[in-house]
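Listing of input07.txt; format and content: compact mmCIF, C-alpha atoms (C1' of nucleotides).
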# COMPACT_ATOMS: atom_id res chain seq x y z
CA MET A 1 182.44 341.02 -8.37
CA GLU A 2 183.35 340.27 -11.98
CA THR A 3 186.33 342.61 -12.21
CA THR A 4 189.85 341.27 -12.41
CA THR A 5 192.58 342.39 -10.04
CA GLU A 6 194.22 344.39 -12.79
CA GLU A 7 190.99 346.28 -13.39
CA LYS A 8 190.51 346.89 -9.69
CA ILE A 9 193.96 348.44 -9.47
CA ILE A 10 193.39 350.63 -12.52
CA THR A 11 190.05 351.80 -11.19
CA ALA A 12 191.61 352.67 -7.85
CA ALA A 13 194.59 354.37 -9.49
CA ARG A 14 192.29 356.43 -11.66
CA LYS A 15 190.42 357.66 -8.63
CA VAL A 16 193.42 358.45 -6.42
CA PHE A 17 195.61 360.00 -9.13
CA LEU A 18 192.77 362.26 -10.30
CA GLU A 19 192.06 363.33 -6.76
CA LYS A 20 195.58 363.98 -5.55
CA GLY A 21 197.78 364.25 -8.62
CA TYR A 22 200.92 362.21 -9.24
CA ALA A 23 203.25 363.65 -6.62
CA ALA A 24 200.82 363.49 -3.70
CA THR A 25 199.58 360.00 -4.52
CA ARG A 26 200.88 357.12 -2.42
CA THR A 27 200.94 353.70 -4.02
CA ARG A 28 199.70 352.39 -0.68
CA ASP A 29 196.55 354.49 -1.06
CA ILE A 30 195.91 352.94 -4.44
CA ALA A 31 196.43 349.46 -3.04
CA ASN A 32 194.05 350.11 -0.15
CA GLU A 33 191.47 351.65 -2.45
CA ALA A 34 191.71 348.59 -4.68
CA GLY A 35 191.40 346.29 -1.67
CA ILE A 36 194.64 344.52 -2.52
CA ASN A 37 198.19 344.38 -1.28
CA LEU A 38 200.92 346.83 -2.17
CA ALA A 39 203.14 344.08 -3.55
CA LEU A 40 200.47 343.10 -6.00
CA LEU A 41 200.38 346.55 -7.47
CA ASN A 42 204.04 346.29 -8.37
CA TYR A 43 203.54 342.78 -9.62
CA TYR A 44 201.06 344.07 -12.20
CA PHE A 45 202.48 347.45 -13.12
CA ARG A 46 206.16 347.39 -12.08
CA SER A 47 206.16 351.00 -10.89
CA LYS A 48 204.10 353.99 -9.81
CA GLU A 49 205.35 355.87 -12.88
CA LYS A 50 204.13 353.16 -15.28
CA LEU A 51 200.72 352.99 -13.66
CA PHE A 52 200.43 356.75 -13.82
CA GLN A 53 201.32 356.86 -17.51
CA LEU A 54 198.47 354.48 -18.13
CA ILE A 55 195.93 356.71 -16.41
CA MET A 56 197.38 359.87 -17.88
CA THR A 57 197.29 358.54 -21.43
CA GLU A 58 193.69 357.50 -20.93
CA LYS A 59 192.72 360.94 -19.62
CA VAL A 60 194.58 362.86 -22.32
CA GLN A 61 192.82 360.78 -24.95
CA GLN A 62 189.48 361.32 -23.26
CA LEU A 63 190.08 365.04 -23.33
CA PHE A 64 191.41 365.39 -26.86
CA SER A 65 189.23 362.80 -28.53
CA ILE A 66 186.53 365.47 -28.57
CA ILE A 67 188.46 368.22 -30.31
CA LEU A 68 190.74 366.22 -32.60
CA PRO A 69 188.08 364.73 -34.91
CA ILE A 70 186.50 368.15 -35.27
CA VAL A 71 189.31 370.53 -36.08
CA ASN A 72 190.18 368.95 -39.40
CA ASN A 73 186.74 367.77 -40.43
CA ASP A 74 186.04 369.21 -43.89
CA GLU A 75 182.40 368.14 -43.86
CA MET A 76 181.38 370.44 -41.03
CA THR A 77 180.72 374.15 -41.09
CA LEU A 78 182.33 376.33 -38.46
CA GLU A 79 178.91 376.72 -36.88
CA GLN A 80 178.51 372.96 -36.57
CA LYS A 81 182.00 372.57 -35.14
CA LEU A 82 181.37 375.07 -32.40
CA GLU A 83 178.05 373.48 -31.53
CA ASN A 84 179.70 370.09 -31.41
CA LEU A 85 182.60 371.26 -29.23
CA ILE A 86 180.29 372.95 -26.74
CA GLU A 87 177.85 370.08 -26.50
CA ASN A 88 180.41 367.32 -26.19
CA TYR A 89 182.84 369.04 -23.86
CA ILE A 90 180.22 370.22 -21.42
CA ASN A 91 178.65 366.77 -21.36
CA LEU A 92 182.06 365.21 -20.76
CA PHE A 93 182.96 367.63 -17.97
CA ILE A 94 179.62 367.27 -16.19
CA LEU A 95 180.38 363.56 -15.91
CA ASN A 96 184.12 364.08 -15.24
CA PRO A 97 184.50 367.38 -13.41
CA ASP A 98 188.12 366.70 -12.34
CA LEU A 99 189.30 365.84 -15.84
CA PRO A 100 190.33 369.24 -17.25
CA LEU A 101 192.21 370.46 -14.19
CA PHE A 102 193.92 367.10 -13.76
CA VAL A 103 195.25 367.00 -17.30
CA ILE A 104 196.29 370.64 -17.35
CA SER A 105 198.04 370.39 -13.97
CA GLU A 106 199.89 367.18 -14.68
CA ILE A 107 200.91 368.04 -18.24
CA ARG A 108 202.52 371.13 -16.79
CA PHE A 109 205.00 368.99 -14.86
CA ASN A 110 205.95 367.16 -18.02
CA ALA A 111 205.18 369.77 -20.64
CA GLU A 112 207.95 368.79 -23.04
CA GLY A 113 207.06 365.13 -23.03
CA PHE A 114 203.46 365.68 -23.96
CA LYS A 115 204.18 368.49 -26.36
CA SER A 116 206.40 366.22 -28.43
CA ARG A 117 203.83 363.42 -28.31
CA LEU A 118 200.68 365.39 -28.92
CA HIS A 119 201.62 368.08 -31.45
CA LEU A 120 198.40 369.94 -30.71
CA GLN A 121 199.83 373.23 -31.86
CA ASP A 122 200.87 371.70 -35.18
CA ILE A 123 197.44 370.17 -35.57
CA LEU A 124 195.70 373.47 -34.98
CA GLU A 125 198.12 375.26 -37.25
CA ASN A 126 196.67 375.14 -40.79
CA SER A 127 193.73 373.08 -39.57
CA SER A 128 190.38 373.24 -41.27
CA ILE A 129 188.80 375.07 -38.33
CA GLN A 130 191.56 377.64 -38.29
CA ARG A 131 191.06 378.32 -41.98
CA GLN A 132 187.34 378.72 -41.45
CA ILE A 133 187.93 381.23 -38.70
CA ARG A 134 190.47 383.09 -40.78
CA ASP A 135 188.07 383.28 -43.73
CA LEU A 136 185.52 384.88 -41.46
CA ARG A 137 187.91 387.11 -39.57
CA PRO A 138 191.21 387.63 -41.42
CA ASP A 139 191.93 390.63 -39.17
CA VAL A 140 192.45 388.63 -35.97
CA ASN A 141 194.92 385.90 -35.01
CA PRO A 142 192.69 382.80 -34.82
CA ILE A 143 194.35 381.66 -31.60
CA HIS A 144 192.40 384.39 -29.82
CA PHE A 145 189.09 382.92 -30.93
CA MET A 146 190.17 379.39 -30.08
CA THR A 147 191.29 380.26 -26.57
CA SER A 148 188.18 382.35 -25.93
CA ILE A 149 185.81 379.63 -27.04
CA LEU A 150 187.61 376.90 -25.14
CA GLY A 151 188.04 379.22 -22.17
CA MET A 152 184.32 379.83 -21.91
CA ILE A 153 183.71 376.08 -22.04
CA VAL A 154 186.44 374.91 -19.68
CA PHE A 155 186.89 377.72 -17.18
CA PRO A 156 183.78 377.10 -15.04
CA PHE A 157 184.98 373.56 -14.41
CA ILE A 158 188.50 374.66 -13.58
CA SER A 159 187.48 377.48 -11.28
CA ARG A 160 184.57 375.68 -9.69
CA PRO A 161 186.21 375.14 -6.28
CA ILE A 162 186.98 378.85 -6.04
CA LEU A 163 184.19 380.67 -7.80
CA LEU A 164 181.07 378.58 -7.64
CA PRO A 165 178.98 377.77 -4.57
CA ASP A 166 178.38 374.13 -3.70
CA ASN A 167 174.68 374.42 -3.19
CA THR A 168 173.83 375.35 -6.76
CA ASN A 169 172.89 372.61 -9.11
CA PHE A 170 176.10 372.74 -11.04
CA ALA A 171 175.08 370.32 -13.77
CA SER A 172 171.92 372.20 -14.70
CA LEU A 173 173.88 375.46 -14.61
CA MET A 174 176.26 374.00 -17.16
CA GLU A 175 173.39 372.66 -19.23
CA GLU A 176 171.87 376.09 -19.56
CA ARG A 177 175.33 377.44 -20.33
CA LYS A 178 175.50 375.50 -23.60
CA ALA A 179 173.04 377.78 -25.37
CA LEU A 180 174.69 380.88 -23.95
CA ILE A 181 178.17 379.98 -25.13
CA HIS A 182 176.73 379.13 -28.50
CA ASN A 183 175.30 382.63 -28.82
CA TRP A 184 178.41 384.26 -27.46
CA THR A 185 180.84 382.50 -29.74
CA THR A 186 178.88 383.50 -32.82
CA ALA A 187 178.63 387.01 -31.39
CA ILE A 188 182.38 387.44 -30.95
CA LEU A 189 183.07 386.04 -34.40
CA LYS A 190 181.02 388.91 -35.79
CA SER A 191 182.01 391.72 -33.45
CA MET B 1 224.24 390.61 -1.35
CA GLU B 2 221.94 392.71 0.80
CA THR B 3 219.24 390.09 1.31
CA THR B 4 218.81 388.37 4.63
CA THR B 5 218.80 384.61 4.96
CA GLU B 6 215.06 384.64 5.60
CA GLU B 7 214.48 386.51 2.36
CA LYS B 8 216.75 384.17 0.44
CA ILE B 9 214.77 381.19 1.66
CA ILE B 10 211.44 382.79 0.80
CA THR B 11 212.65 383.71 -2.67
CA ALA B 12 213.85 380.16 -3.26
CA ALA B 13 210.65 378.67 -1.85
CA ARG B 14 208.55 380.89 -4.08
CA LYS B 15 210.42 379.68 -7.12
CA VAL B 16 210.41 375.97 -6.33
CA PHE B 17 206.85 375.74 -5.02
CA LEU B 18 205.49 377.59 -8.05
CA GLU B 19 207.42 375.35 -10.38
CA LYS B 20 206.67 371.97 -8.83
CA GLY B 21 203.69 372.45 -6.52
CA TYR B 22 203.60 371.52 -2.85
CA ALA B 23 203.69 367.74 -3.06
CA ALA B 24 206.56 367.47 -5.53
CA THR B 25 208.71 370.08 -3.81
CA ARG B 26 211.60 368.86 -1.69
CA THR B 27 212.78 371.09 1.12
CA ARG B 28 216.31 370.17 0.05
CA ASP B 29 215.65 371.78 -3.33
CA ILE B 30 214.60 374.99 -1.63
CA ALA B 31 217.66 374.94 0.59
CA ASN B 32 219.96 374.37 -2.38
CA GLU B 33 218.23 377.05 -4.41
CA ALA B 34 218.67 379.45 -1.48
CA GLY B 35 222.31 378.47 -1.12
CA ILE B 36 221.87 377.51 2.50
CA ASN B 37 221.65 374.43 4.62
CA LEU B 38 218.54 372.33 5.09
CA ALA B 39 218.66 372.73 8.87
CA LEU B 40 218.51 376.48 8.51
CA LEU B 41 215.27 376.28 6.60
CA ASN B 42 213.62 374.53 9.52
CA TYR B 43 215.23 376.94 11.94
CA TYR B 44 213.44 379.84 10.23
CA PHE B 45 210.13 378.29 9.25
CA ARG B 46 209.67 375.20 11.43
CA SER B 47 208.16 373.11 8.63
CA LYS B 48 207.59 372.72 4.92
CA GLU B 49 203.88 373.25 5.50
CA LYS B 50 204.41 376.60 7.27
CA LEU B 51 206.73 377.85 4.55
CA PHE B 52 204.24 376.82 1.91
CA GLN B 53 201.38 378.61 3.62
CA LEU B 54 203.45 381.77 3.48
CA ILE B 55 203.96 381.52 -0.28
CA MET B 56 200.42 380.40 -0.92
CA THR B 57 198.91 383.29 1.05
CA GLU B 58 201.10 385.70 -0.86
CA LYS B 59 200.04 384.27 -4.21
CA VAL B 60 196.35 384.13 -3.37
CA GLN B 61 196.49 387.77 -2.34
CA GLN B 62 198.38 388.66 -5.48
CA LEU B 63 195.68 386.99 -7.53
CA PHE B 64 192.62 388.33 -5.73
CA SER B 65 193.92 391.80 -4.95
CA ILE B 66 192.99 392.67 -8.54
CA ILE B 67 189.38 391.57 -8.49
CA LEU B 68 188.41 392.29 -4.88
CA PRO B 69 188.71 396.12 -4.96
CA ILE B 70 186.72 396.19 -8.19
CA VAL B 71 183.69 394.03 -7.60
CA ASN B 72 182.21 396.22 -4.89
CA ASN B 73 183.39 399.60 -6.10
CA ASP B 74 180.33 401.83 -6.42
CA GLU B 75 182.23 404.61 -8.19
CA MET B 76 182.95 402.56 -11.31
CA THR B 77 180.69 401.75 -14.21
CA LEU B 78 180.51 398.17 -15.40
CA GLU B 79 182.43 399.23 -18.49
CA GLN B 80 185.26 400.61 -16.36
CA LYS B 81 185.36 397.52 -14.20
CA LEU B 82 185.77 395.21 -17.16
CA GLU B 83 188.48 397.40 -18.65
CA ASN B 84 190.25 397.42 -15.32
CA LEU B 85 190.02 393.65 -14.83
CA ILE B 86 191.33 392.93 -18.31
CA GLU B 87 194.19 395.40 -18.14
CA ASN B 88 195.38 394.48 -14.66
CA TYR B 89 195.04 390.72 -14.92
CA ILE B 90 196.76 390.42 -18.26
CA ASN B 91 199.60 392.62 -17.05
CA LEU B 92 199.91 390.53 -13.90
CA PHE B 93 199.93 387.24 -15.79
CA ILE B 94 202.44 388.40 -18.36
CA LEU B 95 204.83 389.02 -15.49
CA ASN B 96 203.73 385.92 -13.53
CA PRO B 97 202.67 383.28 -16.05
CA ASP B 98 202.68 380.45 -13.49
CA LEU B 99 200.49 382.27 -10.99
CA PRO B 100 196.97 381.31 -12.09
CA LEU B 101 197.61 377.61 -12.61
CA PHE B 102 199.58 377.38 -9.38
CA VAL B 103 196.81 378.90 -7.27
CA ILE B 104 194.04 376.94 -8.94
CA SER B 105 195.92 373.66 -8.69
CA GLU B 106 196.96 374.03 -5.08
CA ILE B 107 193.65 375.41 -3.83
CA ARG B 108 192.08 372.30 -5.25
CA PHE B 109 193.96 370.14 -2.75
CA ASN B 110 192.74 372.26 0.11
CA ALA B 111 189.49 373.59 -1.29
CA GLU B 112 187.61 373.68 2.01
CA GLY B 113 190.33 375.58 3.81
CA PHE B 114 190.47 378.37 1.29
CA LYS B 115 186.77 378.47 0.71
CA SER B 116 186.16 379.17 4.39
CA ARG B 117 188.90 381.80 4.46
CA LEU B 118 188.22 383.59 1.20
CA HIS B 119 184.41 383.69 0.87
CA LEU B 120 184.75 384.68 -2.76
CA GLN B 121 181.33 383.33 -3.61
CA ASP B 122 179.77 385.38 -0.82
CA ILE B 123 181.63 388.46 -2.01
CA LEU B 124 180.41 388.03 -5.56
CA GLU B 125 176.89 387.33 -4.39
CA ASN B 126 175.06 390.67 -4.15
CA SER B 127 178.20 392.52 -5.17
CA SER B 128 178.05 395.80 -7.02
CA ILE B 129 179.32 394.24 -10.24
CA GLN B 130 176.77 391.48 -10.08
CA ARG B 131 173.96 394.03 -9.67
CA GLN B 132 175.28 395.99 -12.63
CA ILE B 133 175.30 392.88 -14.78
CA ARG B 134 171.84 391.91 -13.64
CA ASP B 135 170.49 395.38 -14.44
CA LEU B 136 171.80 395.01 -17.95
CA ARG B 137 170.83 391.36 -18.42
CA PRO B 138 168.18 390.23 -15.94
CA ASP B 139 167.48 387.22 -18.14
CA VAL B 140 170.80 385.44 -17.48
CA ASN B 141 172.43 384.16 -14.31
CA PRO B 142 175.34 386.60 -13.85
CA ILE B 143 177.73 383.78 -12.99
CA HIS B 144 177.77 382.91 -16.69
CA PHE B 145 179.06 386.35 -17.60
CA MET B 146 181.62 386.35 -14.81
CA THR B 147 183.05 382.97 -15.75
CA SER B 148 183.12 383.85 -19.44
CA ILE B 149 184.94 387.12 -18.90
CA LEU B 150 187.43 385.63 -16.47
CA GLY B 151 187.78 382.56 -18.66
CA MET B 152 188.76 384.63 -21.68
CA ILE B 153 191.33 386.44 -19.58
CA VAL B 154 192.82 383.48 -17.70
CA PHE B 155 192.52 380.54 -20.05
CA PRO B 156 195.39 381.39 -22.43
CA PHE B 157 197.77 381.44 -19.48
CA ILE B 158 196.46 378.18 -18.09
CA SER B 159 196.48 376.33 -21.38
CA ARG B 160 199.70 377.84 -22.66
CA PRO B 161 201.82 374.68 -22.30
CA ILE B 162 199.29 372.70 -24.31
CA LEU B 163 197.81 375.06 -26.84
CA LEU B 164 200.31 377.75 -27.61
CA PRO B 165 203.60 377.39 -29.47
CA ASP B 166 206.79 378.50 -27.72
CA ASN B 167 208.15 380.50 -30.58
CA THR B 168 205.42 383.10 -30.65
CA ASN B 169 205.94 386.24 -28.70
CA PHE B 170 203.48 385.36 -26.02
CA ALA B 171 203.57 388.70 -24.24
CA SER B 172 202.71 390.72 -27.32
CA LEU B 173 199.98 388.23 -28.19
CA MET B 174 198.44 388.86 -24.77
CA GLU B 175 198.88 392.61 -25.18
CA GLU B 176 196.87 392.61 -28.39
CA ARG B 177 194.34 390.35 -26.68
CA LYS B 178 193.34 393.09 -24.24
CA ALA B 179 191.43 395.09 -26.84
CA LEU B 180 189.81 391.95 -28.24
CA ILE B 181 188.48 390.76 -24.90
CA HIS B 182 187.23 394.25 -24.24
CA ASN B 183 185.18 394.17 -27.42
CA TRP B 184 184.01 390.64 -26.83
CA THR B 185 182.84 391.16 -23.28
CA THR B 186 180.72 394.13 -24.29
CA ALA B 187 179.46 392.11 -27.25
CA ILE B 188 178.27 389.20 -25.13
CA LEU B 189 176.61 391.52 -22.63
CA LYS B 190 174.45 392.78 -25.48
CA SER B 191 173.86 389.57 -27.41
C1' DG C 1 222.69 381.98 13.09
C1' DT C 2 224.86 378.46 10.75
C1' DC C 3 226.84 374.21 10.19
C1' DT C 4 227.40 368.61 10.39
C1' DA C 5 225.51 364.64 11.69
C1' DT C 6 221.74 361.98 12.51
C1' DA C 7 217.09 360.48 14.15
C1' DC C 8 212.82 359.16 12.45
C1' DT C 9 209.40 358.20 9.30
C1' DA C 10 207.31 357.26 4.94
C1' DC C 11 207.68 355.67 0.53
C1' DG C 12 208.57 352.61 -3.59
C1' DA C 13 209.95 348.34 -4.60
C1' DT C 14 211.40 343.39 -3.97
C1' DA C 15 212.25 338.66 -1.84
C1' DG C 16 210.34 334.66 -0.80
C1' DA C 17 206.69 331.70 1.32
C1' DC C 18 202.31 329.87 0.03
C1' DG D 1 198.57 335.39 -8.14
C1' DT D 2 198.64 336.83 -3.66
C1' DC D 3 200.39 337.47 0.65
C1' DT D 4 203.88 339.02 4.77
C1' DA D 5 207.98 340.85 5.73
C1' DT D 6 211.60 343.72 4.71
C1' DC D 7 215.19 346.36 2.14
C1' DG D 8 216.96 350.69 0.57
C1' DT D 9 216.33 355.22 0.05
C1' DA D 10 214.78 359.75 0.36
C1' DG D 11 212.22 362.91 2.94
C1' DT D 12 211.27 366.08 7.06
C1' DA D 13 212.90 367.47 11.09
C1' DT D 14 216.05 367.90 15.18
C1' DA D 15 220.35 367.64 18.27
C1' DG D 16 224.34 369.65 19.28
C1' DA D 17 228.92 371.72 18.09
C1' DC D 18 230.69 376.08 16.69

Can I see the file as structure tokens?
Amino acid sequence: METTTEEKIITAARKVFLEKGYAATRTRDIANEAGINLALLNYYFRSKEKLFQLIMTEKVQQLFSIILPIVNNDEMTLEQKLENLIENYINLFILNPDLPLFVISEIRFNAEGFKSRLHLQDILENSSIQRQIRDLRPDVNPIHFMTSILGMIVFPFISRPILLPDNTNFASLMEERKALIHNWTTAILKS
Amino acid sequence: METTTEEKIITAARKVFLEKGYAATRTRDIANEAGINLALLNYYFRSKEKLFQLIMTEKVQQLFSIILPIVNNDEMTLEQKLENLIENYINLFILNPDLPLFVISEIRFNAEGFKSRLHLQDILENSSIQRQIRDLRPDVNPIHFMTSILGMIVFPFISRPILLPDNTNFASLMEERKALIHNWTTAILKS
DNA sequence: GTCTATACTACGATAGAC
DNA sequence: GTCTATCGTAGTATAGAC
């Protein structure tokens, strides 16, 4: 075991917070999962809230580090951006199936805090990708294309516990989905 | 005030649970919101868990009472079913914007319980709508169409706190979205 | 049915020995 | 740094008067 105590706690916190969410998580569960004492957790991170912020920041960055470099990239065509979004997000979610629902659920409880920190709406507003969409389809509010594209990518992962059977090979289903979404997004941009 | 105490508690519970989720809700908050005493809440509903089940059942039914009568309706064409889904779900979510994220988030913490009760996968499997989709597009797993259609409908409501600015008139944006999704779903079924 | 008071437990956090 | 023990509080739930 090469990992430090601090790393063990963070790894455990990541697991428990993602599984249960902030409110349902017990710091004792994190301590047990990490194989250390409860007191030690507070020694390293001072409070449950602080430890959570660490995990949450990490997960928000993981989620938005895909879309942020793309939206304002002037070197890429719209076609390339869509391909890139689909490929990278589906790969990310296959490896981290809890990620999207975790971030969406927890941001909801602190919507104002993250809105003021992230400015995602401002970033999308007048972004390169939004201009590209508007050039192609000046008749439609671009937010409708953005939400439809992202919805097709994200929704299977969010609704998986309700809609999708366990027995299917979920990963390969999502792999084959890449090409489909690619066709569908270009189709709706022309419809 | 014509409402009974029981109704006042349920109304308050509905509000608080939907806002905060089960784990973060305090029964004291519900009691305060209802304008009654904490002891009275337990007198009527025995426990927080029981009260929550009541609200959760109500919300799950609210959510699935739209899709369930449609999927196996042999009188409707696929076209009519899609139109119906889009119209009814967007209307429902405009009036209840917290509903989809609440149900999805909370089911996640008790996925097995609801899966065994709801059987939604079984219902979709070999359903009338799935046969209609397969007739039209035997080359694609119908689950991809279902998740894309539902994703386009639901995702704006789920991602609203992150993606969409407050100042826009959200309801009218969703109203105009109905016709767009209608076009887009028929477009992807033909692409 | 409705209240006040309280029992009981679980949780987050800290004190203090090592 | 790491532990045991414990404090203080907040949470669910109940007892018992009215």

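Using all atoms listed in the file, the shortest contact distance between DG16 (chain C) and any of D:DG1, D:DG11, D:DT6, D:DC18 is found at D:DT6.
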
Starting from chain C, keep only residues with some atom at most 10 Å from an atom of chain B, counting all atoms listed in the file, and report them as an NGL selection string.
:C and (1-4)

Output for the residues just chosen: C-alpha atoms (C1' of nucleotides) as a compact mmCIF listing (two decimals), keeping the file's coordinate frame:
# COMPACT_ATOMS: atom_id res chain seq x y z
C1' DG C 1 222.69 381.98 13.09
C1' DT C 2 224.86 378.46 10.75
C1' DC C 3 226.84 374.21 10.19
C1' DT C 4 227.40 368.61 10.39

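Here the question is which of B:Ile143, B:Leu63, B:Leu99, B:Leu118 gets nearest to Thr168 (chain A) using all atoms listed in the file, and that residue is B:Ile143.
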
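Excluding Leu68 (chain A) and any residue on its chain fewer than 2 positions from it, the residues at most 12 Å away by only C-alpha atoms (C1' of nucleotides) are Val60, Gln61, Gln62, Leu63, Phe64, Ser65, Ile66, Ile70, Val71, Asn72, Asn73, Lys81, Asn84, Leu85, Leu118, His119, Leu120, Gln121, Asp122, Ile123, Leu124, Ser127, Ser128 and Ile129 of chain A.
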
At a cut-off of 10 Å, list the chain D residues touching chain A, using all atoms listed in the file, as a list in words.
DG1, DT2, DC3 and DT4 of chain D

Could you write out as a PDB file with C-alpha atoms, in the coordinates of the input the residues of chain B within 9 Å of chain A, counting all atoms listed in the file?
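See selection_25.pdb below for the written result:
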ATOM      1  CA  GLU B  19     207.420 375.350 -10.380  1.00  0.00           C
ATOM      2  CA  LYS B  20     206.670 371.970  -8.830  1.00  0.00           C
ATOM      3  CA  GLY B  21     203.690 372.450  -6.520  1.00  0.00           C
ATOM      4  CA  TYR B  22     203.600 371.520  -2.850  1.00  0.00           C
ATOM      5  CA  ALA B  23     203.690 367.740  -3.060  1.00  0.00           C
ATOM      6  CA  ALA B  24     206.560 367.470  -5.530  1.00  0.00           C
ATOM      7  CA  THR B  25     208.710 370.080  -3.810  1.00  0.00           C
ATOM      8  CA  LEU B 101     197.610 377.610 -12.610  1.00  0.00           C
ATOM      9  CA  PHE B 102     199.580 377.380  -9.380  1.00  0.00           C
ATOM     10  CA  ILE B 104     194.040 376.940  -8.940  1.00  0.00           C
ATOM     11  CA  SER B 105     195.920 373.660  -8.690  1.00  0.00           C
ATOM     12  CA  ILE B 107     193.650 375.410  -3.830  1.00  0.00           C
ATOM     13  CA  ARG B 108     192.080 372.300  -5.250  1.00  0.00           C
ATOM     14  CA  PHE B 109     193.960 370.140  -2.750  1.00  0.00           C
ATOM     15  CA  ALA B 111     189.490 373.590  -1.290  1.00  0.00           C
ATOM     16  CA  GLU B 112     187.610 373.680   2.010  1.00  0.00           C
ATOM     17  CA  PHE B 114     190.470 378.370   1.290  1.00  0.00           C
ATOM     18  CA  LYS B 115     186.770 378.470   0.710  1.00  0.00           C
ATOM     19  CA  LEU B 118     188.220 383.590   1.200  1.00  0.00           C
ATOM     20  CA  HIS B 119     184.410 383.690   0.870  1.00  0.00           C
ATOM     21  CA  LEU B 120     184.750 384.680  -2.760  1.00  0.00           C
ATOM     22  CA  GLN B 121     181.330 383.330  -3.610  1.00  0.00           C
ATOM     23  CA  ASP B 122     179.770 385.380  -0.820  1.00  0.00           C
ATOM     24  CA  LEU B 124     180.410 388.030  -5.560  1.00  0.00           C
ATOM     25  CA  VAL B 140     170.800 385.440 -17.480  1.00  0.00           C
ATOM     26  CA  ASN B 141     172.430 384.160 -14.310  1.00  0.00           C
ATOM     27  CA  ILE B 143     177.730 383.780 -12.990  1.00  0.00           C
ATOM     28  CA  HIS B 144     177.770 382.910 -16.690  1.00  0.00           C
ATOM     29  CA  THR B 147     183.050 382.970 -15.750  1.00  0.00           C
ATOM     30  CA  SER B 148     183.120 383.850 -19.440  1.00  0.00           C
ATOM     31  CA  ILE B 149     184.940 387.120 -18.900  1.00  0.00           C
ATOM     32  CA  LEU B 150     187.430 385.630 -16.470  1.00  0.00           C
ATOM     33  CA  GLY B 151     187.780 382.560 -18.660  1.00  0.00           C
ATOM     34  CA  MET B 152     188.760 384.630 -21.680  1.00  0.00           C
ATOM     35  CA  ILE B 153     191.330 386.440 -19.580  1.00  0.00           C
ATOM     36  CA  VAL B 154     192.820 383.480 -17.700  1.00  0.00           C
ATOM     37  CA  PHE B 155     192.520 380.540 -20.050  1.00  0.00           C
ATOM     38  CA  PRO B 156     195.390 381.390 -22.430  1.00  0.00           C
ATOM     39  CA  ILE B 158     196.460 378.180 -18.090  1.00  0.00           C
ATOM     40  CA  SER B 159     196.480 376.330 -21.380  1.00  0.00           C
ATOM     41  CA  PRO B 161     201.820 374.680 -22.300  1.00  0.00           C
ATOM     42  CA  ILE B 162     199.290 372.700 -24.310  1.00  0.00           C
ATOM     43  CA  LEU B 163     197.810 375.060 -26.840  1.00  0.00           C
ATOM     44  CA  LEU B 164     200.310 377.750 -27.610  1.00  0.00           C
ATOM     45  CA  PRO B 165     203.600 377.390 -29.470  1.00  0.00           C
ATOM     46  CA  LEU B 173     199.980 388.230 -28.190  1.00  0.00           C
ATOM     47  CA  ARG B 177     194.340 390.350 -26.680  1.00  0.00           C
ATOM     48  CA  LEU B 180     189.810 391.950 -28.240  1.00  0.00           C
ATOM     49  CA  ILE B 181     188.480 390.760 -24.900  1.00  0.00           C
ATOM     50  CA  ASN B 183     185.180 394.170 -27.420  1.00  0.00           C
ATOM     51  CA  TRP B 184     184.010 390.640 -26.830  1.00  0.00           C
ATOM     52  CA  THR B 185     182.840 391.160 -23.280  1.00  0.00           C
ATOM     53  CA  ALA B 187     179.460 392.110 -27.250  1.00  0.00           C
ATOM     54  CA  ILE B 188     178.270 389.200 -25.130  1.00  0.00           C
ATOM     55  CA  LEU B 189     176.610 391.520 -22.630  1.00  0.00           C
ATOM     56  CA  SER B 191     173.860 389.570 -27.410  1.00  0.00           C
TER      57      SER B 191
END

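If you look at CA of Gln130 (chain B) and CA of Pro97 (chain B), they are 27.8 Å away from each other.
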